[in-house]
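Okay, entry-v3.txt is below, compact mmCIF, C-alpha atoms:
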```txt
# COMPACT_ATOMS: atom_id res chain seq x y z
CA MET A 1 -33.87 -28.14 35.32
CA GLU A 2 -35.20 -26.75 38.61
CA ASN A 3 -38.74 -26.53 37.20
CA ILE A 4 -38.77 -30.24 36.34
CA LYS A 5 -39.55 -32.43 39.36
CA GLN A 6 -38.30 -35.69 37.89
CA LYS A 7 -35.94 -36.72 35.17
CA PRO A 8 -37.43 -36.01 31.77
CA LYS A 9 -38.17 -39.19 29.82
CA ILE A 10 -36.64 -38.88 26.37
CA ALA A 11 -37.41 -41.45 23.67
CA LEU A 12 -34.74 -41.61 20.96
CA MET A 13 -35.70 -43.37 17.73
CA SER A 14 -32.35 -45.11 17.54
CA TYR A 15 -33.12 -47.46 14.65
CA ALA A 16 -31.57 -44.83 12.36
CA MET A 17 -28.14 -46.16 13.36
CA ASP A 18 -28.87 -49.91 13.51
CA ASN A 19 -26.80 -52.14 11.22
CA ARG A 20 -25.63 -49.17 9.19
CA GLN A 21 -22.15 -47.89 8.40
CA ALA A 22 -21.27 -44.99 10.67
CA LYS A 23 -21.71 -42.30 8.02
CA GLY A 24 -24.23 -39.54 7.41
CA THR A 25 -27.43 -39.89 9.41
CA ALA A 26 -26.22 -43.08 11.09
CA LEU A 27 -23.06 -41.33 12.31
CA TYR A 28 -25.05 -38.33 13.56
CA THR A 29 -27.48 -40.63 15.39
CA ARG A 30 -24.71 -42.63 17.04
CA LYS A 31 -22.60 -39.66 18.11
CA LEU A 32 -25.59 -37.80 19.50
CA ILE A 33 -26.87 -40.81 21.44
CA GLU A 34 -23.39 -41.54 22.82
CA GLY A 35 -23.16 -38.00 24.15
CA LEU A 36 -26.71 -37.82 25.45
CA LEU A 37 -26.45 -41.06 27.43
CA ALA A 38 -23.57 -39.59 29.43
CA ASP A 39 -25.98 -37.11 31.05
CA ASN A 40 -27.76 -38.50 34.13
CA ASN A 41 -30.21 -35.59 34.25
CA PHE A 42 -32.39 -37.35 31.68
CA GLU A 43 -33.95 -40.79 31.49
CA PHE A 44 -33.32 -42.12 28.01
CA TYR A 45 -35.19 -44.80 26.08
CA LEU A 46 -33.74 -46.18 22.86
CA ILE A 47 -36.48 -47.28 20.46
CA HIS A 48 -35.88 -49.62 17.53
CA TYR A 49 -37.36 -52.44 15.49
CA GLU A 50 -35.23 -55.45 16.36
CA LYS A 51 -32.43 -56.59 18.63
CA VAL A 52 -28.93 -55.69 17.45
CA ASP A 53 -25.47 -56.31 18.82
CA ASP A 54 -24.72 -52.80 20.04
CA LEU A 55 -23.38 -51.91 23.49
CA LEU A 56 -25.18 -48.56 23.46
CA TYR A 57 -28.43 -50.35 24.19
CA LYS A 58 -27.06 -51.53 27.53
CA LYS A 59 -26.64 -47.90 28.66
CA ALA A 60 -30.32 -46.93 28.50
CA HIS A 61 -33.83 -48.36 28.57
CA GLU A 62 -34.27 -50.39 25.41
CA ILE A 63 -37.65 -50.71 23.74
CA ILE A 64 -38.13 -53.00 20.75
CA MET A 65 -41.26 -52.13 18.85
CA PRO A 66 -43.74 -54.97 18.21
CA ARG A 67 -42.44 -57.13 15.39
CA ILE A 68 -44.73 -57.35 12.39
CA ARG A 69 -44.08 -59.11 9.11
CA LEU A 70 -46.26 -57.87 6.25
CA PRO A 71 -45.70 -57.72 2.48
CA TYR A 72 -45.58 -53.93 2.80
CA GLY A 73 -45.77 -51.40 5.63
CA SER A 74 -44.36 -53.57 8.44
CA ARG A 75 -42.55 -50.69 10.12
CA PHE A 76 -45.54 -48.41 9.82
CA VAL A 77 -47.71 -50.91 11.69
CA SER A 78 -44.94 -51.61 14.23
CA GLN A 79 -44.77 -47.93 15.11
CA LEU A 80 -48.53 -47.67 15.50
CA LEU A 81 -48.53 -50.64 17.86
CA PHE A 82 -45.69 -49.04 19.82
CA PHE A 83 -47.68 -45.80 20.08
CA TRP A 84 -50.71 -47.73 21.35
CA LYS A 85 -48.72 -49.73 23.88
CA TYR A 86 -47.22 -46.61 25.51
CA ARG A 87 -50.25 -44.32 25.15
CA LYS A 88 -50.78 -44.21 28.94
CA ASN A 89 -47.09 -43.86 29.76
CA LYS A 90 -46.07 -40.88 27.69
CA PHE A 91 -42.52 -39.69 27.18
CA ASP A 92 -41.67 -36.05 27.65
CA ILE A 93 -39.94 -35.91 24.27
CA ILE A 94 -39.67 -38.27 21.34
CA HIS A 95 -36.88 -37.52 18.88
CA TRP A 96 -36.61 -38.85 15.32
CA PHE A 97 -33.18 -38.52 13.69
CA GLN A 98 -34.48 -38.55 10.11
CA PRO A 99 -37.38 -36.73 8.43
CA ARG A 100 -38.96 -40.06 7.60
CA LEU A 101 -42.21 -39.97 9.49
CA TYR A 102 -45.02 -42.39 8.83
CA PRO A 103 -48.66 -41.28 8.71
CA PHE A 104 -50.12 -40.80 12.19
CA TYR A 105 -46.70 -40.02 13.71
CA TRP A 106 -48.63 -37.34 15.63
CA LEU A 107 -50.13 -40.14 17.76
CA ALA A 108 -46.69 -40.74 19.28
CA PRO A 109 -46.92 -41.04 23.09
CA ALA A 110 -44.96 -37.88 23.86
CA LYS A 111 -45.59 -34.36 25.07
CA LYS A 112 -43.17 -32.93 22.51
CA ILE A 113 -42.02 -34.20 19.11
CA VAL A 114 -38.56 -33.35 17.77
CA VAL A 115 -37.30 -34.32 14.31
CA THR A 116 -33.84 -33.83 12.88
CA VAL A 117 -34.53 -32.83 9.29
CA HIS A 118 -30.97 -32.11 8.02
CA GLY A 119 -32.32 -30.00 5.14
CA ALA A 120 -34.83 -30.20 2.32
CA GLY A 121 -32.64 -31.61 -0.42
CA GLU A 122 -34.95 -34.58 -0.90
CA VAL A 123 -37.56 -32.16 -2.23
CA TYR A 124 -35.60 -30.12 -4.76
CA VAL A 125 -32.45 -32.03 -5.81
CA PRO A 126 -32.33 -34.85 -8.38
CA LEU A 127 -32.79 -38.23 -6.68
CA TYR A 128 -33.93 -41.67 -7.70
CA PHE A 129 -37.67 -42.19 -7.50
CA VAL A 130 -38.54 -44.08 -4.34
CA PHE A 131 -42.20 -44.34 -3.34
CA SER A 132 -41.49 -44.16 0.39
CA ARG A 133 -39.58 -40.89 -0.14
CA VAL A 134 -42.64 -39.40 -1.84
CA VAL A 135 -44.74 -40.39 1.17
CA PHE A 136 -42.25 -38.99 3.69
CA ASN A 137 -41.98 -35.70 1.81
CA PHE A 138 -45.79 -35.46 1.62
CA ILE A 139 -46.01 -35.93 5.39
CA MET A 140 -43.34 -33.30 6.05
CA ILE A 141 -44.94 -30.74 3.75
CA HIS A 142 -48.59 -31.20 4.69
CA PHE A 143 -48.56 -32.63 8.23
CA HIS A 144 -45.61 -31.00 10.00
CA LYS A 145 -47.72 -28.94 12.41
CA TRP A 146 -47.38 -31.61 15.14
CA ILE A 147 -43.59 -31.28 15.11
CA ASP A 148 -42.63 -29.04 18.01
CA MET A 149 -39.09 -28.48 16.76
CA ALA A 150 -37.14 -29.39 13.63
CA ILE A 151 -33.38 -29.58 14.14
CA VAL A 152 -31.28 -28.73 11.09
CA ASP A 153 -27.53 -28.98 10.56
CA CYS A 154 -26.87 -25.35 9.62
CA GLU A 155 -28.56 -22.02 8.90
CA ASN A 156 -28.87 -22.75 5.18
CA ALA A 157 -30.66 -26.03 5.91
CA GLY A 158 -33.02 -24.12 8.18
CA ALA A 159 -33.92 -21.76 5.36
CA GLU A 160 -34.58 -24.78 3.12
CA VAL A 161 -36.92 -26.35 5.66
CA VAL A 162 -38.89 -23.11 5.93
CA LYS A 163 -39.05 -22.68 2.14
CA TYR A 164 -39.71 -26.22 0.95
CA TYR A 165 -41.50 -27.90 3.87
CA GLY A 166 -43.34 -24.81 5.06
CA PHE A 167 -42.17 -24.77 8.68
CA SER A 168 -42.37 -21.51 10.59
CA ALA A 169 -38.91 -20.19 11.42
CA ASP A 170 -39.56 -20.35 15.18
CA HIS A 171 -40.02 -24.13 14.89
CA VAL A 172 -36.59 -24.67 13.35
CA LYS A 173 -33.32 -24.81 15.29
CA SER A 174 -29.87 -24.92 13.71
CA ILE A 175 -27.35 -27.15 15.51
CA TYR A 176 -24.08 -27.83 13.73
CA LEU A 177 -22.77 -31.37 13.53
CA GLY A 178 -19.45 -32.36 15.02
CA GLY A 179 -16.69 -34.46 13.59
CA GLY A 180 -13.73 -32.12 13.56
CA GLU A 181 -12.33 -33.80 16.66
CA ASN A 182 -12.48 -37.29 15.16
CA TYR A 183 -9.91 -36.67 12.43
CA LYS A 184 -6.35 -35.36 12.50
CA PRO A 185 -3.56 -34.82 9.99
CA VAL A 186 -1.74 -38.10 9.40
CA GLU A 187 1.86 -37.80 8.20
CA LYS A 188 1.70 -38.02 4.40
CA SER A 189 4.12 -40.92 3.93
CA GLU A 190 2.40 -42.96 6.65
CA ALA A 191 -1.05 -42.31 5.15
CA LYS A 192 0.08 -43.17 1.62
CA GLU A 193 1.71 -46.37 2.83
CA LEU A 194 -1.59 -47.56 4.31
CA VAL A 195 -3.53 -46.54 1.21
CA SER A 196 -1.03 -48.35 -1.01
CA LYS A 197 -0.99 -51.56 1.02
CA LYS A 198 -4.72 -51.81 1.68
CA TYR A 199 -6.29 -50.19 -1.37
CA GLY A 200 -3.59 -50.57 -4.00
CA ILE A 201 -3.12 -46.85 -4.72
CA SER A 202 0.56 -45.98 -4.66
CA GLU A 203 0.47 -42.80 -6.80
CA SER A 204 -0.54 -39.28 -5.78
CA TYR A 205 -4.29 -38.79 -5.94
CA ILE A 206 -7.18 -36.35 -5.80
CA LEU A 207 -10.06 -37.56 -3.62
CA ASP A 208 -13.82 -37.42 -3.44
CA VAL A 209 -15.91 -39.28 -0.84
CA SER A 210 -19.47 -39.49 -2.17
CA ARG A 211 -22.11 -42.09 -2.72
CA LEU A 212 -22.90 -42.30 -6.41
CA GLN A 213 -26.15 -40.34 -6.38
CA PRO A 214 -27.21 -37.63 -8.84
CA HIS A 215 -26.99 -34.77 -6.34
CA LYS A 216 -23.42 -35.69 -5.42
CA ASN A 217 -22.49 -34.48 -8.90
CA VAL A 218 -19.61 -36.91 -9.35
CA VAL A 219 -19.99 -36.78 -13.14
CA SER A 220 -19.03 -33.09 -13.11
CA LEU A 221 -15.92 -33.95 -11.11
CA ILE A 222 -14.97 -36.70 -13.56
CA ASN A 223 -15.38 -34.26 -16.46
CA ALA A 224 -13.45 -31.51 -14.63
CA TYR A 225 -10.63 -33.94 -13.93
CA ALA A 226 -10.34 -34.63 -17.66
CA VAL A 227 -10.25 -30.89 -18.39
CA MET A 228 -7.55 -30.37 -15.76
CA ARG A 229 -5.39 -33.23 -17.01
CA GLY A 230 -5.86 -32.22 -20.63
CA SER A 231 -4.75 -28.66 -20.02
CA ASP A 232 -1.64 -29.55 -17.99
CA VAL A 233 0.32 -32.59 -19.10
CA SER A 234 2.54 -32.35 -15.99
CA ARG A 235 -0.34 -33.41 -13.77
CA LYS A 236 -0.30 -37.15 -13.10
CA GLU A 237 -2.50 -37.43 -10.00
CA LYS A 238 -5.13 -40.16 -10.03
CA LEU A 239 -8.77 -39.41 -9.21
CA VAL A 240 -10.06 -41.63 -6.39
CA ILE A 241 -13.80 -41.74 -5.71
CA VAL A 242 -14.85 -43.49 -2.50
CA GLY A 243 -18.49 -44.50 -2.47
CA ALA A 244 -20.75 -47.16 -3.91
CA SER A 245 -23.73 -46.58 -6.16
CA ALA A 246 -26.95 -45.85 -4.28
CA CYS A 247 -28.99 -47.61 -6.95
CA GLU A 248 -28.27 -50.98 -8.52
CA GLY A 249 -27.73 -50.65 -12.23
CA ARG A 250 -26.87 -46.95 -12.15
CA THR A 251 -24.08 -46.25 -14.64
CA ASP A 252 -23.86 -42.46 -15.11
CA GLU A 253 -20.52 -42.11 -13.32
CA TYR A 254 -19.05 -45.24 -14.89
CA ASP A 255 -20.21 -44.10 -18.34
CA ALA A 256 -18.51 -40.73 -17.75
CA VAL A 257 -15.27 -42.55 -16.95
CA LYS A 258 -15.52 -44.66 -20.11
CA ARG A 259 -15.81 -41.47 -22.16
CA SER A 260 -12.80 -39.90 -20.44
CA ALA A 261 -9.38 -39.84 -22.04
CA PHE A 262 -8.00 -40.51 -18.56
CA ALA A 263 -10.22 -43.46 -17.65
CA LYS A 264 -7.26 -45.58 -16.53
CA ASP A 265 -6.42 -42.98 -13.88
CA ILE A 266 -9.91 -42.84 -12.31
CA ILE A 267 -10.39 -45.31 -9.48
CA PHE A 268 -13.62 -46.24 -7.69
CA ILE A 269 -13.50 -47.70 -4.18
CA ASP A 270 -16.92 -48.91 -3.06
CA TYR A 271 -16.09 -49.04 0.62
CA VAL A 272 -13.33 -47.90 2.97
CA ASP A 273 -13.12 -49.13 6.55
CA SER A 274 -14.04 -46.25 8.86
CA GLU A 275 -10.71 -46.53 10.66
CA ASP A 276 -8.93 -45.97 7.33
CA LEU A 277 -10.81 -42.85 6.26
CA ASN A 278 -8.48 -40.51 8.12
CA ALA A 279 -5.50 -41.90 6.22
CA ILE A 280 -7.39 -41.82 2.90
CA TYR A 281 -8.07 -38.12 3.42
CA SER A 282 -4.57 -37.27 4.66
CA GLY A 283 -2.89 -39.21 1.88
CA SER A 284 -4.63 -37.21 -0.84
CA GLU A 285 -3.21 -34.08 -2.43
CA LEU A 286 -6.60 -32.46 -2.69
CA PHE A 287 -10.21 -33.16 -1.71
CA VAL A 288 -12.91 -32.12 -4.20
CA PHE A 289 -16.59 -32.26 -3.23
CA PRO A 290 -18.84 -30.64 -5.89
CA SER A 291 -22.17 -31.70 -4.38
CA LEU A 292 -25.31 -29.91 -5.53
CA SER A 293 -27.01 -30.15 -2.13
CA GLU A 294 -25.87 -30.93 1.40
CA GLY A 295 -27.58 -30.47 4.72
CA PHE A 296 -24.11 -30.22 6.24
CA GLY A 297 -21.36 -31.92 4.23
CA LEU A 298 -19.42 -34.03 6.73
CA PRO A 299 -16.76 -35.12 4.20
CA VAL A 300 -15.66 -31.49 3.82
CA LEU A 301 -15.18 -31.22 7.57
CA GLU A 302 -13.39 -34.58 7.76
CA ALA A 303 -11.02 -33.67 4.94
CA MET A 304 -10.13 -30.31 6.48
CA ALA A 305 -9.51 -31.92 9.87
CA SER A 306 -7.25 -34.46 8.14
CA GLY A 307 -5.06 -31.66 6.82
CA THR A 308 -6.15 -31.80 3.18
CA PRO A 309 -6.92 -28.73 1.01
CA VAL A 310 -10.58 -28.65 0.00
CA ILE A 311 -12.47 -27.49 -3.07
CA THR A 312 -16.24 -27.62 -2.73
CA SER A 313 -19.48 -26.12 -4.02
CA ASN A 314 -20.59 -22.55 -3.50
CA THR A 315 -24.15 -23.74 -2.88
CA THR A 316 -26.41 -24.82 0.02
CA SER A 317 -24.62 -25.52 3.32
CA LEU A 318 -21.12 -26.01 1.96
CA PRO A 319 -19.80 -22.40 2.03
CA GLU A 320 -21.17 -22.07 5.57
CA ILE A 321 -19.29 -25.15 6.78
CA ALA A 322 -16.09 -24.57 4.82
CA GLY A 323 -15.84 -20.89 5.72
CA ASP A 324 -12.74 -19.20 4.29
CA ALA A 325 -10.71 -22.41 4.56
CA ALA A 326 -11.79 -23.91 1.21
CA ILE A 327 -12.11 -22.77 -2.38
CA THR A 328 -15.76 -22.76 -3.42
CA VAL A 329 -16.90 -22.98 -7.05
CA ASP A 330 -20.03 -23.42 -9.12
CA PRO A 331 -20.48 -27.21 -8.97
CA LEU A 332 -21.82 -27.36 -12.54
CA ASP A 333 -18.96 -25.35 -14.03
CA THR A 334 -16.42 -28.02 -14.95
CA ASP A 335 -13.91 -25.43 -16.17
CA ALA A 336 -14.07 -23.63 -12.82
CA ILE A 337 -13.57 -26.90 -10.92
CA ALA A 338 -10.64 -27.82 -13.18
CA LYS A 339 -9.06 -24.38 -12.76
CA ALA A 340 -9.34 -24.56 -8.97
CA MET A 341 -7.82 -28.05 -8.92
CA ARG A 342 -4.94 -26.95 -11.11
CA ARG A 343 -4.34 -23.88 -8.95
CA VAL A 344 -4.13 -25.76 -5.65
CA LEU A 345 -1.97 -28.57 -7.04
CA ALA A 346 0.47 -26.11 -8.61
CA ASP A 347 0.78 -23.69 -5.67
CA LYS A 348 2.32 -25.39 -2.64
CA ASN A 349 2.09 -22.22 -0.55
CA LEU A 350 -1.64 -21.95 -1.26
CA ALA A 351 -2.12 -25.64 -0.40
CA LYS A 352 -0.23 -25.14 2.88
CA THR A 353 -2.33 -22.09 3.79
CA MET A 354 -5.55 -23.97 2.99
CA THR A 355 -4.40 -26.93 5.10
CA GLU A 356 -3.71 -24.74 8.12
CA SER A 357 -6.98 -22.82 7.73
CA GLY A 358 -8.91 -26.04 7.28
CA ILE A 359 -7.57 -27.56 10.49
CA ARG A 360 -8.60 -24.44 12.42
CA GLN A 361 -12.05 -24.37 10.79
CA ALA A 362 -12.71 -28.05 11.48
CA ALA A 363 -11.77 -27.65 15.13
CA GLU A 364 -14.85 -25.44 15.59
CA PHE A 365 -17.18 -28.39 14.97
CA THR A 366 -17.34 -30.92 17.79
CA TRP A 367 -19.89 -33.54 18.79
CA LYS A 368 -19.81 -32.18 22.34
CA LYS A 369 -21.23 -28.89 21.08
CA THR A 370 -23.88 -30.80 19.12
CA VAL A 371 -24.89 -32.80 22.19
CA ASP A 372 -24.89 -29.82 24.55
CA GLN A 373 -27.05 -27.71 22.24
CA THR A 374 -29.47 -30.60 21.73
CA LYS A 375 -29.87 -31.02 25.49
CA ASP A 376 -30.46 -27.27 25.84
CA LEU A 377 -33.18 -27.56 23.21
CA TYR A 378 -34.86 -30.39 25.14
CA ILE A 379 -34.87 -28.33 28.31
CA LYS A 380 -36.32 -25.25 26.60
CA LEU A 381 -39.09 -27.31 25.01
CA LEU A 382 -40.04 -28.84 28.34
CA GLU A 383 -40.21 -25.43 29.96
CA LYS A 384 -42.87 -24.24 27.49
```
Could you show the structure in this file as structure tokens?
Amino acid sequence: MENIKQKPKIALMSYAMDNRQAKGTALYTRKLIEGLLADNNFEFYLIHYEKVDDLLYKKAHEIIMPRIRLPYGSRFVSQLLFFWKYRKNKFDIIHWFQPRLYPFYWLAPAKKIVVTVHGAGEVYVPLYFVFSRVVFNFIMIHFHKWIDMAIVDCENAGAEVVKYYGFSADHVKSIYLGGGENYKPVEKSEAKELVSKKYGISESYILDVSRLQPHKNVVSLINAYAVMRGSDVSRKEKLVIVGASACEGRTDEYDAVKRSAFAKDIIFIDYVDSEDLNAIYSGSELFVFPSLSEGFGLPVLEAMASGTPVITSNTTSLPEIAGDAAITVDPLDTDAIAKAMRRVLADKNLAKTMTESGIRQAAEFTWKKTVDQTKDLYIKLLEK
């Protein structure tokens, strides 16, 4: 910091967390901003579209972008007007927390532009067609040269960004997410009591926490559950899937349940209060997360920290995050998923070993490390 005469002015595009459940990108945004604002060596500005009831905005300079109401493109125009308004009062760094950049983002009033990309799954995994996503991906692929640094959640995500978006490797920085410190093993009977009272699940259960999107691969889990139950009549655990559909009218997962011989034992919970998630994880016998693509895979970390054995995919970031603490399988091989589930449920010693390893693995991932490494990145960029 000795080469910087005054506090660096950092603009954080905080709208990524506004009025959103504290999961995924919104959770990352909130945790990072909370940690950054504790450092008085920087002057932070939180930039968003409209006033919200959030105490974080009282801890920094708040800037509300000009409010525009158009049939389409309101936010695009709002950002351009914000850029124009601050063109003579540039920030040292402006940081977006999602790879959702509008055209002309390169006119942002900042010396350096940082974008957290998370990975390139939106390019190569099956997703619903959304026009804005097509635009954002086009910008990232063809107009990323103005981005001074892309932050990714792990080394695998960094390789994706280089391959699919075309970034040079020296413009990509891997910074792991935190979260291991926010969960802990809850005593099983206590966790199951809460789950029973609040969510009506009194039996033993296998858990997945996933929005119902194609790349979350929940259909494969539903099919694997049927294989597991069909091959071992002694298994009576329910399958609990926490997560609402990401697209109104989508029925793939529900159709898979209707076809299952064990439909009555498969339970969907659209939403769980964030303060209950720890108990939901701890109360389960096993956490299964067969996602096809993850920039990081926070649910895997949360489940391990909660003391639950984990089975997850052997693809993208998931083996990197899970380490040796989880069993990894081909997410499209339902027999392999079923076999792994059966193995963990039947072998108490294995489940105990996986629980202990998972707690140790999760402890390596903290939001403090995420914040500290992000600040170090800011400093290095400003020294260039």
To one decimal place, how far is CA of Gly179 (chain A) from CA of Thr374 (chain A) in Å?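 So the two atoms, CA of Gly179 (chain A) and CA of Thr374 (chain A), lie 15.6 Å apart.
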Residue nearest Phe262 (chain A) - candidates A:Gly358, A:Asn223, A:Ser284, A:Phe296, atoms counted: all atoms listed in the file: A:Asn223
Quick one: everything within 10 Å of Tyr86 (chain A), counting all atoms listed in the file, minus sequence neighbours fewer than 6 positions away in the same chain. Send it as an MDAnalysis selection string. chainID A and resid 108:110
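You can rank A:Leu286, A:Ile10, A:Leu37, A:Ile222 by their closest distance to Ala263 (chain A) using only C-alpha atoms, and at the top of that list sits A:Ile222.
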Could you tell me how far CA of Lys352 (chain A) sits from CA of Lys369 (chain A), in Å to one decimal place?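 It comes out at 28.0 Å.
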Neighbours of region 254-258 of chain A within 12 Å (only C-alpha atoms; same-chain residues fewer than 3 positions away dropped), as JSON, numbers by chain? {"A": [212, 217, 218, 219, 220, 221, 222, 223, 224, 225, 226, 239, 240, 241, 244, 245, 249, 250, 251, 261, 262, 263, 264, 265, 266, 267, 268]}
Using C-alpha atoms, can you export the residues from the last selection as a JSON list (two decimals), in the coordinates of the input?
```
[["chain", "number", "residue", "atom", "x", "y", "z"],
["A", 212, "LEU", "CA", -22.90, -42.30, -6.41],
["A", 217, "ASN", "CA", -22.49, -34.48, -8.90],
["A", 218, "VAL", "CA", -19.61, -36.91, -9.35],
["A", 219, "VAL", "CA", -19.99, -36.78, -13.14],
["A", 220, "SER", "CA", -19.03, -33.09, -13.11],
["A", 221, "LEU", "CA", -15.92, -33.95, -11.11],
["A", 222, "ILE", "CA", -14.97, -36.70, -13.56],
["A", 223, "ASN", "CA", -15.38, -34.26, -16.46],
["A", 224, "ALA", "CA", -13.45, -31.51, -14.63],
["A", 225, "TYR", "CA", -10.63, -33.94, -13.93],
["A", 226, "ALA", "CA", -10.34, -34.63, -17.66],
["A", 239, "LEU", "CA", -8.77, -39.41, -9.21],
["A", 240, "VAL", "CA", -10.06, -41.63, -6.39],
["A", 241, "ILE", "CA", -13.80, -41.74, -5.71],
["A", 244, "ALA", "CA", -20.75, -47.16, -3.91],
["A", 245, "SER", "CA", -23.73, -46.58, -6.16],
["A", 249, "GLY", "CA", -27.73, -50.65, -12.23],
["A", 250, "ARG", "CA", -26.87, -46.95, -12.15],
["A", 251, "THR", "CA", -24.08, -46.25, -14.64],
["A", 261, "ALA", "CA", -9.38, -39.84, -22.04],
["A", 262, "PHE", "CA", -8.00, -40.51, -18.56],
["A", 263, "ALA", "CA", -10.22, -43.46, -17.65],
["A", 264, "LYS", "CA", -7.26, -45.58, -16.53],
["A", 265, "ASP", "CA", -6.42, -42.98, -13.88],
["A", 266, "ILE", "CA", -9.91, -42.84, -12.31],
["A", 267, "ILE", "CA", -10.39, -45.31, -9.48],
["A", 268, "PHE", "CA", -13.62, -46.24, -7.69]]
```
Kindly indicate which residue among A:Val209, A:Ile280, A:Leu332, A:Ile68 lies nearest to Lys197 (chain A), using only C-alpha atoms for the distances.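 For Lys197 (chain A), the nearest of the candidates is A:Ile280.
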Provide the CA of Trp84 (chain A) to CA of Lys58 (chain A) distance in Å, to one decimal place.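 That distance, rounded to one decimal, is 24.7 Å.
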Compile the contact shell of region 91-100 of chain A as a PyMOL selection string: residues with an atom at most 6 Å away, counting all atoms listed in the file, same-chain residues fewer than 5 positions apart removed. chain A and resi 8-13+110-117+136
Pull C-alpha atoms from the residues just selected and write them as an mmCIF file, keeping the file's coordinate frame.
```cif
data_model
loop_
_atom_site.group_PDB
_atom_site.id
_atom_site.type_symbol
_atom_site.label_atom_id
_atom_site.label_comp_id
_atom_site.auth_asym_id
_atom_site.auth_seq_id
_atom_site.Cartn_x
_atom_site.Cartn_y
_atom_site.Cartn_z
ATOM 1 C CA PRO A 8 -37.430 -36.010 31.770
ATOM 2 C CA LYS A 9 -38.170 -39.190 29.820
ATOM 3 C CA ILE A 10 -36.640 -38.880 26.370
ATOM 4 C CA ALA A 11 -37.410 -41.450 23.670
ATOM 5 C CA LEU A 12 -34.740 -41.610 20.960
ATOM 6 C CA MET A 13 -35.700 -43.370 17.730
ATOM 7 C CA ALA A 110 -44.960 -37.880 23.860
ATOM 8 C CA LYS A 111 -45.590 -34.360 25.070
ATOM 9 C CA LYS A 112 -43.170 -32.930 22.510
ATOM 10 C CA ILE A 113 -42.020 -34.200 19.110
ATOM 11 C CA VAL A 114 -38.560 -33.350 17.770
ATOM 12 C CA VAL A 115 -37.300 -34.320 14.310
ATOM 13 C CA THR A 116 -33.840 -33.830 12.880
ATOM 14 C CA VAL A 117 -34.530 -32.830 9.290
ATOM 15 C CA PHE A 136 -42.250 -38.990 3.690
#
```
